[in-house]
>>> print(open('input.pdb').read())   # PDB, C-alpha atoms and all ligand atoms
ATOM      1  CA  MET A   1     215.587  32.407  46.360
ATOM      2  CA  ASP A   2     213.259  30.294  44.228
ATOM      3  CA  ILE A   3     209.457  30.547  44.126
ATOM      4  CA  ASN A   4     209.054  27.320  46.056
ATOM      5  CA  LEU A   5     211.084  28.412  49.041
ATOM      6  CA  ALA A   6     209.503  31.878  49.160
ATOM      7  CA  ILE A   7     206.025  30.328  49.150
ATOM      8  CA  SER A   8     206.808  27.811  51.851
ATOM      9  CA  GLN A   9     208.352  30.502  54.072
ATOM     10  CA  GLY A  10     205.373  32.806  53.436
ATOM     11  CA  SER A  11     202.902  30.027  54.091
ATOM     12  CA  LYS A  12     204.637  29.224  57.383
ATOM     13  CA  ILE A  13     204.343  32.860  58.512
ATOM     14  CA  LEU A  14     200.605  32.770  57.727
ATOM     15  CA  ARG A  15     200.143  29.432  59.499
ATOM     16  CA  ASN A  16     201.805  30.798  62.619
ATOM     17  CA  LYS A  17     199.267  33.634  62.586
ATOM     18  CA  TYR A  18     196.367  31.147  62.299
ATOM     19  CA  ILE A  19     195.469  31.987  58.701
ATOM     20  CA  PRO A  20     193.500  28.890  57.615
ATOM     21  CA  ASN A  21     194.454  28.312  53.942
ATOM     22  CA  SER A  22     198.035  29.429  54.326
ATOM     23  CA  GLN A  23     199.562  27.492  51.412
ATOM     24  CA  LEU A  24     196.824  28.485  48.963
ATOM     25  CA  ASP A  25     196.941  32.131  50.076
ATOM     26  CA  ALA A  26     200.734  32.225  49.699
ATOM     27  CA  GLU A  27     200.447  30.785  46.172
ATOM     28  CA  ILE A  28     197.799  33.336  45.184
ATOM     29  CA  LEU A  29     199.880  36.191  46.586
ATOM     30  CA  MET A  30     202.944  34.924  44.719
ATOM     31  CA  ALA A  31     200.944  34.765  41.487
ATOM     32  CA  GLN A  32     199.863  38.361  42.102
ATOM     33  CA  THR A  33     203.443  39.463  42.823
ATOM     34  CA  ILE A  34     204.886  38.120  39.589
ATOM     35  CA  ASN A  35     201.744  38.844  37.583
ATOM     36  CA  LYS A  36     201.056  35.236  36.551
ATOM     37  CA  ASP A  37     198.239  32.827  37.346
ATOM     38  CA  ARG A  38     198.392  30.083  39.967
ATOM     39  CA  ASN A  39     199.006  27.358  37.382
ATOM     40  CA  TYR A  40     202.208  29.101  36.377
ATOM     41  CA  ILE A  41     203.305  29.055  40.007
ATOM     42  CA  LEU A  42     202.618  25.341  40.335
ATOM     43  CA  LEU A  43     204.573  24.568  37.156
ATOM     44  CA  ASN A  44     207.518  26.860  37.890
ATOM     45  CA  PHE A  45     208.375  26.167  41.488
ATOM     46  CA  ASN A  46     212.092  26.360  40.827
ATOM     47  CA  THR A  47     212.144  29.683  38.992
ATOM     48  CA  PHE A  48     214.397  32.250  40.637
ATOM     49  CA  LEU A  49     212.691  35.207  42.295
ATOM     50  CA  ASN A  50     214.439  38.596  42.043
ATOM     51  CA  LYS A  51     214.886  40.809  45.097
ATOM     52  CA  LYS A  52     212.139  43.277  44.162
ATOM     53  CA  ASP A  53     209.549  40.526  43.699
ATOM     54  CA  LEU A  54     210.611  38.845  46.919
ATOM     55  CA  ASP A  55     210.209  42.122  48.837
ATOM     56  CA  ASN A  56     206.775  42.707  47.321
ATOM     57  CA  PHE A  57     205.715  39.154  48.100
ATOM     58  CA  ASN A  58     206.860  39.482  51.713
ATOM     59  CA  LYS A  59     204.878  42.722  52.056
ATOM     60  CA  LEU A  60     201.720  40.945  50.908
ATOM     61  CA  ILE A  61     202.386  38.058  53.301
ATOM     62  CA  GLU A  62     202.830  40.562  56.128
ATOM     63  CA  GLU A  63     199.477  42.220  55.345
ATOM     64  CA  ARG A  64     197.735  38.847  55.022
ATOM     65  CA  SER A  65     199.226  37.761  58.343
ATOM     66  CA  LEU A  66     197.441  40.720  59.956
ATOM     67  CA  GLY A  67     194.137  39.414  58.593
ATOM     68  CA  LYS A  68     193.693  41.550  55.486
ATOM     69  CA  PRO A  69     191.584  39.462  53.079
ATOM     70  CA  VAL A  70     193.244  38.039  49.966
ATOM     71  CA  ALA A  71     190.519  39.667  47.837
ATOM     72  CA  HIS A  72     191.629  43.082  49.117
ATOM     73  CA  LEU A  73     195.286  42.324  48.518
ATOM     74  CA  ILE A  74     194.727  41.309  44.919
ATOM     75  CA  ASN A  75     191.663  43.559  44.334
ATOM     76  CA  ARG A  76     189.544  40.836  42.802
ATOM     77  CA  LYS A  77     187.209  38.013  43.677
ATOM     78  CA  PHE A  78     185.645  35.322  41.538
ATOM     79  CA  PHE A  79     181.833  35.096  41.765
ATOM     80  CA  TRP A  80     179.464  32.997  39.644
ATOM     81  CA  SER A  81     181.212  33.095  36.268
ATOM     82  CA  SER A  82     183.272  36.265  36.432
ATOM     83  CA  GLU A  83     186.024  37.992  38.257
ATOM     84  CA  PHE A  84     184.946  41.160  40.079
ATOM     85  CA  PHE A  85     187.051  44.157  40.961
ATOM     86  CA  VAL A  86     186.763  44.765  44.707
ATOM     87  CA  THR A  87     188.222  47.170  47.233
ATOM     88  CA  ASN A  88     187.747  47.567  50.960
ATOM     89  CA  ASN A  89     184.667  49.679  50.220
ATOM     90  CA  THR A  90     182.538  46.743  49.076
ATOM     91  CA  LEU A  91     181.558  43.514  50.728
ATOM     92  CA  ILE A  92     183.649  40.732  49.197
ATOM     93  CA  PRO A  93     181.329  38.552  47.075
ATOM     94  CA  ARG A  94     180.496  35.303  48.911
ATOM     95  CA  PRO A  95     179.752  31.894  47.378
ATOM     96  CA  ASP A  96     176.548  31.799  49.486
ATOM     97  CA  THR A  97     175.226  34.795  47.578
ATOM     98  CA  GLU A  98     175.411  32.813  44.329
ATOM     99  CA  LEU A  99     172.139  31.258  45.559
ATOM    100  CA  ILE A 100     170.354  34.437  44.492
ATOM    101  CA  VAL A 101     171.824  34.229  40.989
ATOM    102  CA  GLU A 102     170.950  30.521  40.751
ATOM    103  CA  ASN A 103     167.345  31.235  41.725
ATOM    104  CA  VAL A 104     166.994  34.091  39.275
ATOM    105  CA  LEU A 105     168.317  32.025  36.376
ATOM    106  CA  ARG A 106     166.113  29.059  37.286
ATOM    107  CA  LEU A 107     162.989  31.233  37.538
ATOM    108  CA  THR A 108     163.477  33.408  34.447
ATOM    109  CA  LYS A 109     164.155  30.786  31.759
ATOM    110  CA  GLN A 110     161.115  31.864  29.733
ATOM    111  CA  LYS A 111     161.383  35.603  30.403
ATOM    112  CA  ASN A 112     162.301  38.349  28.026
ATOM    113  CA  LYS A 113     163.322  41.972  28.620
ATOM    114  CA  ILE A 114     162.601  42.092  32.329
ATOM    115  CA  ASN A 115     163.655  44.929  34.620
ATOM    116  CA  ILE A 116     165.655  43.972  37.692
ATOM    117  CA  LEU A 117     166.396  46.129  40.727
ATOM    118  CA  ASP A 118     169.295  45.320  43.077
ATOM    119  CA  ILE A 119     169.021  47.122  46.424
ATOM    120  CA  GLY A 120     172.507  47.622  47.868
ATOM    121  CA  VAL A 121     174.280  46.674  44.669
ATOM    122  CA  GLY A 122     177.806  46.817  46.212
ATOM    123  CA  SER A 123     180.406  45.370  43.844
ATOM    124  CA  GLY A 124     177.568  44.495  41.455
ATOM    125  CA  CYS A 125     178.232  40.781  41.748
ATOM    126  CA  ILE A 126     174.561  39.687  41.843
ATOM    127  CA  LEU A 127     173.054  42.020  39.275
ATOM    128  CA  LEU A 128     175.934  41.940  36.806
ATOM    129  CA  SER A 129     176.186  38.148  36.914
ATOM    130  CA  ILE A 130     172.505  38.006  35.952
ATOM    131  CA  LEU A 131     172.887  40.576  33.171
ATOM    132  CA  LYS A 132     175.857  38.665  31.816
ATOM    133  CA  GLU A 133     173.809  35.461  31.583
ATOM    134  CA  ARG A 134     170.630  37.040  30.207
ATOM    135  CA  HIS A 135     171.405  39.371  27.339
ATOM    136  CA  ASN A 136     167.918  40.874  27.137
ATOM    137  CA  PHE A 137     167.494  41.779  30.814
ATOM    138  CA  TYR A 138     167.888  45.318  32.171
ATOM    139  CA  GLY A 139     169.293  46.217  35.558
ATOM    140  CA  THR A 140     169.059  49.053  38.044
ATOM    141  CA  GLY A 141     171.372  49.110  41.025
ATOM    142  CA  ILE A 142     171.119  51.421  44.010
ATOM    143  CA  ASP A 143     173.547  51.887  46.849
ATOM    144  CA  ILE A 144     174.066  54.399  49.609
ATOM    145  CA  SER A 145     177.794  54.296  48.937
ATOM    146  CA  LYS A 146     179.064  56.288  45.974
ATOM    147  CA  LYS A 147     182.341  54.352  46.141
ATOM    148  CA  CYS A 148     180.454  51.093  45.633
ATOM    149  CA  LEU A 149     178.656  52.529  42.631
ATOM    150  CA  ASN A 150     181.992  53.449  41.070
ATOM    151  CA  ILE A 151     183.155  49.886  41.596
ATOM    152  CA  SER A 152     180.019  48.323  40.149
ATOM    153  CA  LYS A 153     180.358  50.636  37.149
ATOM    154  CA  ILE A 154     183.901  49.371  36.548
ATOM    155  CA  ASN A 155     182.688  45.777  36.857
ATOM    156  CA  ALA A 156     179.798  46.427  34.479
ATOM    157  CA  ILE A 157     182.227  47.748  31.878
ATOM    158  CA  ASN A 158     184.568  44.780  32.388
ATOM    159  CA  LEU A 159     181.656  42.353  31.958
ATOM    160  CA  LYS A 160     180.289  44.340  28.990
ATOM    161  CA  VAL A 161     176.835  44.787  30.496
ATOM    162  CA  ASN A 162     177.090  48.523  31.195
ATOM    163  CA  THR A 163     174.693  49.519  28.408
ATOM    164  CA  ARG A 164     171.902  47.623  30.179
ATOM    165  CA  LEU A 165     172.624  49.015  33.621
ATOM    166  CA  LYS A 166     171.575  52.127  35.532
ATOM    167  CA  LEU A 167     173.114  53.029  38.886
ATOM    168  CA  TYR A 168     171.776  55.472  41.466
ATOM    169  CA  LYS A 169     173.181  56.677  44.742
ATOM    170  CA  SER A 170     170.243  56.476  47.096
ATOM    171  CA  ASP A 171     169.053  55.442  50.477
ATOM    172  CA  VAL A 172     166.597  52.584  50.097
ATOM    173  CA  ASP A 173     163.830  54.659  51.761
ATOM    174  CA  LYS A 174     164.202  57.491  49.304
ATOM    175  CA  PHE A 175     164.293  55.597  46.019
ATOM    176  CA  ASN A 176     161.059  55.815  44.033
ATOM    177  CA  LEU A 177     162.024  55.277  40.423
ATOM    178  CA  GLY A 178     160.429  52.650  38.210
ATOM    179  CA  LYS A 179     158.549  49.370  38.600
ATOM    180  CA  TYR A 180     160.400  46.100  38.527
ATOM    181  CA  ASP A 181     159.661  42.526  37.469
ATOM    182  CA  LEU A 182     162.310  41.222  39.823
ATOM    183  CA  ILE A 183     164.041  42.623  42.899
ATOM    184  CA  VAL A 184     167.156  41.136  44.499
ATOM    185  CA  SER A 185     169.009  42.201  47.611
ATOM    186  CA  ASN A 186     171.766  41.121  49.965
ATOM    187  CA  PRO A 187     171.313  43.806  52.609
ATOM    188  CA  PRO A 188     173.364  44.209  55.792
ATOM    189  CA  TYR A 189     171.838  41.764  58.274
ATOM    190  CA  ILE A 190     174.332  41.182  61.085
ATOM    191  CA  LYS A 191     173.292  42.416  64.554
ATOM    192  CA  SER A 192     175.444  45.465  65.432
ATOM    193  CA  ASN A 193     176.770  43.885  68.628
ATOM    194  CA  LYS A 194     177.673  40.621  66.829
ATOM    195  CA  ILE A 195     179.927  42.147  64.180
ATOM    196  CA  LYS A 196     182.964  41.914  66.445
ATOM    197  CA  TYR A 197     182.478  38.130  66.686
ATOM    198  CA  LEU A 198     182.617  37.561  62.916
ATOM    199  CA  GLU A 199     185.844  36.129  61.495
ATOM    200  CA  ARG A 200     188.741  38.522  62.004
ATOM    201  CA  ASP A 201     189.126  39.154  58.264
ATOM    202  CA  VAL A 202     185.476  40.199  58.048
ATOM    203  CA  ALA A 203     185.175  42.123  61.313
ATOM    204  CA  ASN A 204     188.366  44.135  60.862
ATOM    205  CA  PHE A 205     188.479  44.689  57.128
ATOM    206  CA  GLU A 206     185.057  44.613  55.475
ATOM    207  CA  PRO A 207     182.789  47.679  55.398
ATOM    208  CA  LYS A 208     180.441  47.934  58.397
ATOM    209  CA  LEU A 209     177.952  49.657  56.102
ATOM    210  CA  ALA A 210     177.506  46.377  54.220
ATOM    211  CA  LEU A 211     177.232  44.228  57.365
ATOM    212  CA  ASP A 212     175.472  46.172  60.106
ATOM    213  CA  GLY A 213     171.768  45.389  60.287
ATOM    214  CA  GLY A 214     171.148  47.395  63.464
ATOM    215  CA  LEU A 215     170.233  46.174  66.946
ATOM    216  CA  ASP A 216     168.166  43.179  65.856
ATOM    217  CA  GLY A 217     169.899  42.678  62.493
ATOM    218  CA  LEU A 218     166.635  43.390  60.668
ATOM    219  CA  SER A 219     166.649  47.211  60.357
ATOM    220  CA  GLU A 220     167.770  47.233  56.732
ATOM    221  CA  ILE A 221     165.836  44.106  55.754
ATOM    222  CA  ARG A 222     162.628  45.806  56.978
ATOM    223  CA  LYS A 223     163.322  48.856  54.820
ATOM    224  CA  VAL A 224     164.227  46.723  51.811
ATOM    225  CA  ILE A 225     161.026  44.671  52.085
ATOM    226  CA  LYS A 226     158.836  47.755  52.503
ATOM    227  CA  LYS A 227     160.412  49.527  49.544
ATOM    228  CA  SER A 228     160.356  46.412  47.382
ATOM    229  CA  SER A 229     156.667  46.025  48.005
ATOM    230  CA  GLU A 230     156.172  49.516  46.510
ATOM    231  CA  LEU A 231     158.558  49.153  43.587
ATOM    232  CA  ILE A 232     157.691  45.643  42.447
ATOM    233  CA  LYS A 233     155.115  44.808  39.765
ATOM    234  CA  LYS A 234     152.194  42.575  40.690
ATOM    235  CA  ASN A 235     153.366  38.956  40.438
ATOM    236  CA  GLY A 236     156.942  40.227  40.470
ATOM    237  CA  MET A 237     159.597  38.155  42.198
ATOM    238  CA  PHE A 238     161.651  39.218  45.180
ATOM    239  CA  ILE A 239     164.775  37.264  46.168
ATOM    240  CA  LEU A 240     166.489  38.153  49.407
ATOM    241  CA  GLU A 241     169.570  36.974  51.303
ATOM    242  CA  ILE A 242     169.100  36.692  55.077
ATOM    243  CA  GLY A 243     171.018  35.852  58.261
ATOM    244  CA  PHE A 244     171.110  32.240  59.498
ATOM    245  CA  ASP A 245     168.505  32.867  62.239
ATOM    246  CA  GLN A 246     166.168  35.278  60.442
ATOM    247  CA  LYS A 247     164.008  33.008  58.302
ATOM    248  CA  ASN A 248     160.791  33.043  60.341
ATOM    249  CA  LYS A 249     160.936  36.730  61.185
ATOM    250  CA  VAL A 250     161.598  37.678  57.587
ATOM    251  CA  ILE A 251     158.804  35.425  56.317
ATOM    252  CA  ASN A 252     156.442  37.307  58.648
ATOM    253  CA  LEU A 253     157.654  40.664  57.396
ATOM    254  CA  LEU A 254     157.229  39.535  53.790
ATOM    255  CA  ASN A 255     153.720  38.208  54.401
ATOM    256  CA  LYS A 256     152.703  41.500  56.021
ATOM    257  CA  GLU A 257     153.806  43.374  52.905
ATOM    258  CA  GLY A 258     151.847  41.081  50.589
ATOM    259  CA  PHE A 259     154.525  38.640  49.477
ATOM    260  CA  TYR A 260     153.845  34.929  49.020
ATOM    261  CA  ILE A 261     156.773  32.691  49.972
ATOM    262  CA  ASN A 262     157.778  30.373  47.128
ATOM    263  CA  SER A 263     160.811  28.750  48.696
ATOM    264  CA  THR A 264     163.695  29.159  51.096
ATOM    265  CA  GLN A 265     167.191  27.795  50.618
ATOM    266  CA  LYS A 266     170.151  26.872  52.725
ATOM    267  CA  ASP A 267     173.731  27.875  51.968
ATOM    268  CA  LEU A 268     176.762  25.582  51.733
ATOM    269  CA  ALA A 269     177.005  25.492  55.533
ATOM    270  CA  LYS A 270     173.317  24.429  55.731
ATOM    271  CA  ASN A 271     172.147  27.751  57.172
ATOM    272  CA  ASP A 272     168.928  29.346  55.916
ATOM    273  CA  ARG A 273     170.234  31.978  53.546
ATOM    274  CA  CYS A 274     167.841  32.854  50.752
ATOM    275  CA  ILE A 275     164.089  33.507  50.430
ATOM    276  CA  VAL A 276     162.223  33.555  47.137
ATOM    277  CA  SER A 277     158.857  35.337  47.208
ATOM    278  CA  THR A 278     156.228  36.726  44.851
ATOM    279  CA  LYS A 279     154.196  39.908  45.233
ATOM    280  CA  ILE A 280     150.512  39.075  45.150
TER     281      ILE A 280
HETATM  282  N1  LIG A 301     177.200  36.783  54.954
HETATM  283  C1  LIG A 301     178.005  37.876  55.399
HETATM  284  C2  LIG A 301     178.898  37.444  56.536
HETATM  285  O1  LIG A 301     178.553  36.581  57.275
HETATM  286  C3  LIG A 301     177.133  39.046  55.806
HETATM  287  C4  LIG A 301     176.566  39.696  54.632
HETATM  288  C5  LIG A 301     175.509  40.689  54.941
HETATM  289  O2  LIG A 301     175.352  41.244  56.042
HETATM  290  N2  LIG A 301     174.738  40.907  53.957
HETATM  291  O3  LIG A 301     179.982  37.923  56.691
END
>>> encode(input="input.pdb", output="structure tokens", more="lines below")
Ligand code: GLN
Amino acid sequence: MDINLAISQGSKILRNKYIPNSQLDAEILMAQTINKDRNYILLNFNTFLNKKDLDNFNKLIEERSLGKPVAHLINRKFFWSSEFFVTNNTLIPRPDTELIVENVLRLTKQKNKINILDIGVGSGCILLSILKERHNFYGTGIDISKKCLNISKINAINLKVNTRLKLYKSDVDKFNLGKYDLIVSNPPYIKSNKIKYLERDVANFEPKLALDGGLDGLSEIRKVIKKSSELIKKNGMFILEIGFDQKNKVINLLNKEGFYINSTQKDLAKNDRCIVSTKI
């Protein structure tokens, strides 16, 4: 069977299971199977596929048809300007979260040697993207999940920023090390009882630890704001990702902890997603 036919059969299986980008997903999974990039696939539609590759491809299609995210099947996800290693232990980096990176780069053009803390560092996508862009910045990442820290370590080595990075396994409440010029965080902020209504790929396959924000969705955000207020330097910047309906509540929480709101931003779907504040 040639690549073209295998992809169109695979894509049809995905479409029948209501996977939205079935053709694209099938092409990516084919590229993974034969260890080439997607351009190769597009230019070599008629190349013959051996039995072993066809079996492997069909296995991936089967898993995708059950909702397993492509990022988990190929163990990587592109974010900002790099590819990140991911597993089912980390939240898959989202384009919306690039807002945090954009803000940091915009607001630190004149800065030198600043210390950044990322609370709930996960795959490392936010902090490591910043360190990769700014060669004289230093990063500290904390996470409650040791598995995530192992993954962010691997990503830091791949991106060659590991010498400027420290990682600690810690609960946000219990972390008391250092003072930071800038704090970033994408904490879990989905209401516990709403997780089951997220897209199937997310609800069934991504770590609850990275999504579940408790009964009102704000349990972790509250802790992150409180801790940031202790760990941030005066006039330090705090950039936080939030849920689509949390802007006003989070602004109140920030004000109570002595943060001035500089700006809020919407994501690609026009939902409030990011708050930039300064400790006064
Ligand atoms: N934005 C993610 C989602 O909707 C949630 C991320 C988070 O809780 N920090 O799936």
>>> residues_near_ligand(input="input.pdb", ligand="ligand LIG 301 (chain A)", cutoff="6 Å", atoms="only C-alpha atoms and all ligand atoms", output="PyMOL selection string")
chain A and resi 186-190+210-211
>>> residues_around(input="input.pdb", residues="Ser170 (chain A)", least_positions_apart="2", cutoff="8 Å", atoms="only C-alpha atoms", output="list in words")
Ile142, Asp143, Ile144, Tyr168, Val172, Lys174 and Phe175 of chain A
>>> residues_around(input="input.pdb", residues="Met30 (chain A)", least_positions_apart="2", cutoff="8 Å", atoms="all atoms listed in the file", output="MDAnalysis selection string")
chainID A and resid 3 7 26:28 32:34 41 57
>>> residues_around(input="input.pdb", residues="region 224-233 of chain A", least_positions_apart="4", cutoff="9 Å", atoms="only C-alpha atoms", output="list in words")
Leu117, Ile119, Val172, Asp173, Lys174, Phe175, Asn176, Leu177, Gly178, Lys179, Tyr180, Asp181, Leu182, Ile183, Ser185, Pro187, Ser219, Glu220, Met237, Phe238, Leu240, Val250, Leu253, Leu254, Glu257, Gly258, Phe259 and Lys279 of chain A
>>> atom_distance(input="input.pdb", atom1="CA of Asp55 (chain A)", atom2="CA of Asn89 (chain A)")
26.7 Å
>>> resolve_selection(input="input.pdb", expression="the PyMOL selection byres (((chain A and resi 152-159) around 12) and not hetatm)", output="count of residues only")
53
>>> residues_around(input="input.pdb", residues="region 191-203 of chain A", least_positions_apart="6", cutoff="6 Å", atoms="all atoms listed in the file", output="list in words")
Gly67, Lys68, Pro69, Asp212, Gly213, Gly214, Leu215, Asp216 and Gly217 of chain A
>>> resolve_selection(input="input.pdb", expression="the PyMOL selection byres (((chain A and resi 5) around 12) and not hetatm)", output="ChimeraX atom specification")
/A:1-4,6-12,23,26-27,30,41,44-49,54
>>> closest_residue(input="input.pdb", among="A:Gly243, A:Pro20, A:Pro207, A:Gly236", to="Val184 (chain A)", atoms="all atoms listed in the file")
A:Gly236
>>> axis_aligned_box(input="input.pdb", around="region 60-72 of chain A", padding_each_side="5 Å", output="JSON")
{"center_x": 196.7, "center_y": 40.4, "center_z": 53.9, "size_x": 22.3, "size_y": 15.3, "size_z": 22.1}
>>> closest_residue(input="input.pdb", among="A:Leu209, A:Leu218, A:Ile74, A:Val101", to="Val276 (chain A)", atoms="only C-alpha atoms")
A:Val101
>>> atom_distance(input="input.pdb", atom1="CA of Ile221 (chain A)", atom2="CA of Lys249 (chain A)")
10.4 Å
>>> atom_distance(input="input.pdb", atom1="CA of Asn255 (chain A)", atom2="CA of Lys223 (chain A)")
14.3 Å
>>> residues_around(input="input.pdb", residues="Leu66 (chain A)", least_positions_apart="4", cutoff="12 Å", atoms="all atoms listed in the file", output="list of chain:residue names")
A:Ile13, A:Leu14, A:Arg15, A:Asn16, A:Lys17, A:Tyr18, A:Ile19, A:Lys59, A:Leu60, A:Ile61, A:Glu62, A:Val70, A:Leu73, A:Arg200, A:Asp201, A:Asn204, A:Phe205
>>> closest_residue(input="input.pdb", among="A:Ile280, A:Ile251, A:Ile92, A:Ile242", to="Lys266 (chain A)", atoms="only C-alpha atoms")
A:Ile242
>>> decode(input="input.pdb", residues="region 205-224 of chain A", atoms="N, CA and C atoms", output="CSV table (one decimal), in the first residue's frame")
chain,number,residue,atom,x,y,z
A,205,PHE,N,-7.5,12.5,28.7
A,205,PHE,CA,-6.1,12.1,28.6
A,205,PHE,C,-5.1,13.1,29.3
A,206,GLU,N,-5.5,14.3,29.6
A,206,GLU,CA,-4.5,15.2,30.2
A,206,GLU,C,-4.6,15.2,31.7
A,207,PRO,N,-3.5,15.5,32.4
A,207,PRO,CA,-3.5,15.3,33.9
A,207,PRO,C,-4.4,16.2,34.6
A,208,LYS,N,-5.2,15.6,35.5
A,208,LYS,CA,-6.2,16.4,36.3
A,208,LYS,C,-5.4,17.4,37.1
A,209,LEU,N,-4.3,16.9,37.6
A,209,LEU,CA,-3.5,17.8,38.5
A,209,LEU,C,-3.2,19.1,37.8
A,210,ALA,N,-3.1,19.2,36.5
A,210,ALA,CA,-2.8,20.4,35.8
A,210,ALA,C,-4.0,21.2,35.4
A,211,LEU,N,-5.2,20.6,35.6
A,211,LEU,CA,-6.4,21.2,35.2
A,211,LEU,C,-7.3,21.7,36.4
A,212,ASP,N,-7.4,20.9,37.4
A,212,ASP,CA,-8.4,21.0,38.4
A,212,ASP,C,-8.1,22.1,39.4
A,213,GLY,N,-9.0,23.1,39.3
A,213,GLY,CA,-8.8,24.3,40.2
A,213,GLY,C,-9.8,24.3,41.4
A,214,GLY,N,-10.3,23.1,41.7
A,214,GLY,CA,-11.1,23.0,42.9
A,214,GLY,C,-12.6,23.4,42.6
A,215,LEU,N,-13.4,23.5,43.6
A,215,LEU,CA,-14.8,23.7,43.4
A,215,LEU,C,-15.1,25.0,42.6
A,216,ASP,N,-14.5,26.1,42.9
A,216,ASP,CA,-14.8,27.3,42.2
A,216,ASP,C,-13.7,27.6,41.1
A,217,GLY,N,-12.8,26.7,40.9
A,217,GLY,CA,-11.8,26.9,39.9
A,217,GLY,C,-10.6,27.8,40.3
A,218,LEU,N,-10.8,28.4,41.5
A,218,LEU,CA,-9.8,29.4,41.9
A,218,LEU,C,-8.9,29.0,43.1
A,219,SER,N,-9.1,27.7,43.5
A,219,SER,CA,-8.3,27.3,44.7
A,219,SER,C,-6.8,27.5,44.5
A,220,GLU,N,-6.3,27.0,43.3
A,220,GLU,CA,-4.8,27.1,43.1
A,220,GLU,C,-4.4,28.5,42.8
A,221,ILE,N,-5.3,29.3,42.0
A,221,ILE,CA,-4.9,30.6,41.7
A,221,ILE,C,-4.8,31.5,43.0
A,222,ARG,N,-5.6,31.2,43.9
A,222,ARG,CA,-5.5,31.9,45.2
A,222,ARG,C,-4.2,31.7,45.9
A,223,LYS,N,-3.8,30.4,45.9
A,223,LYS,CA,-2.5,30.1,46.5
A,223,LYS,C,-1.3,30.7,45.7
A,224,VAL,N,-1.4,30.7,44.4
A,224,VAL,CA,-0.4,31.2,43.6
A,224,VAL,C,-0.2,32.7,43.8
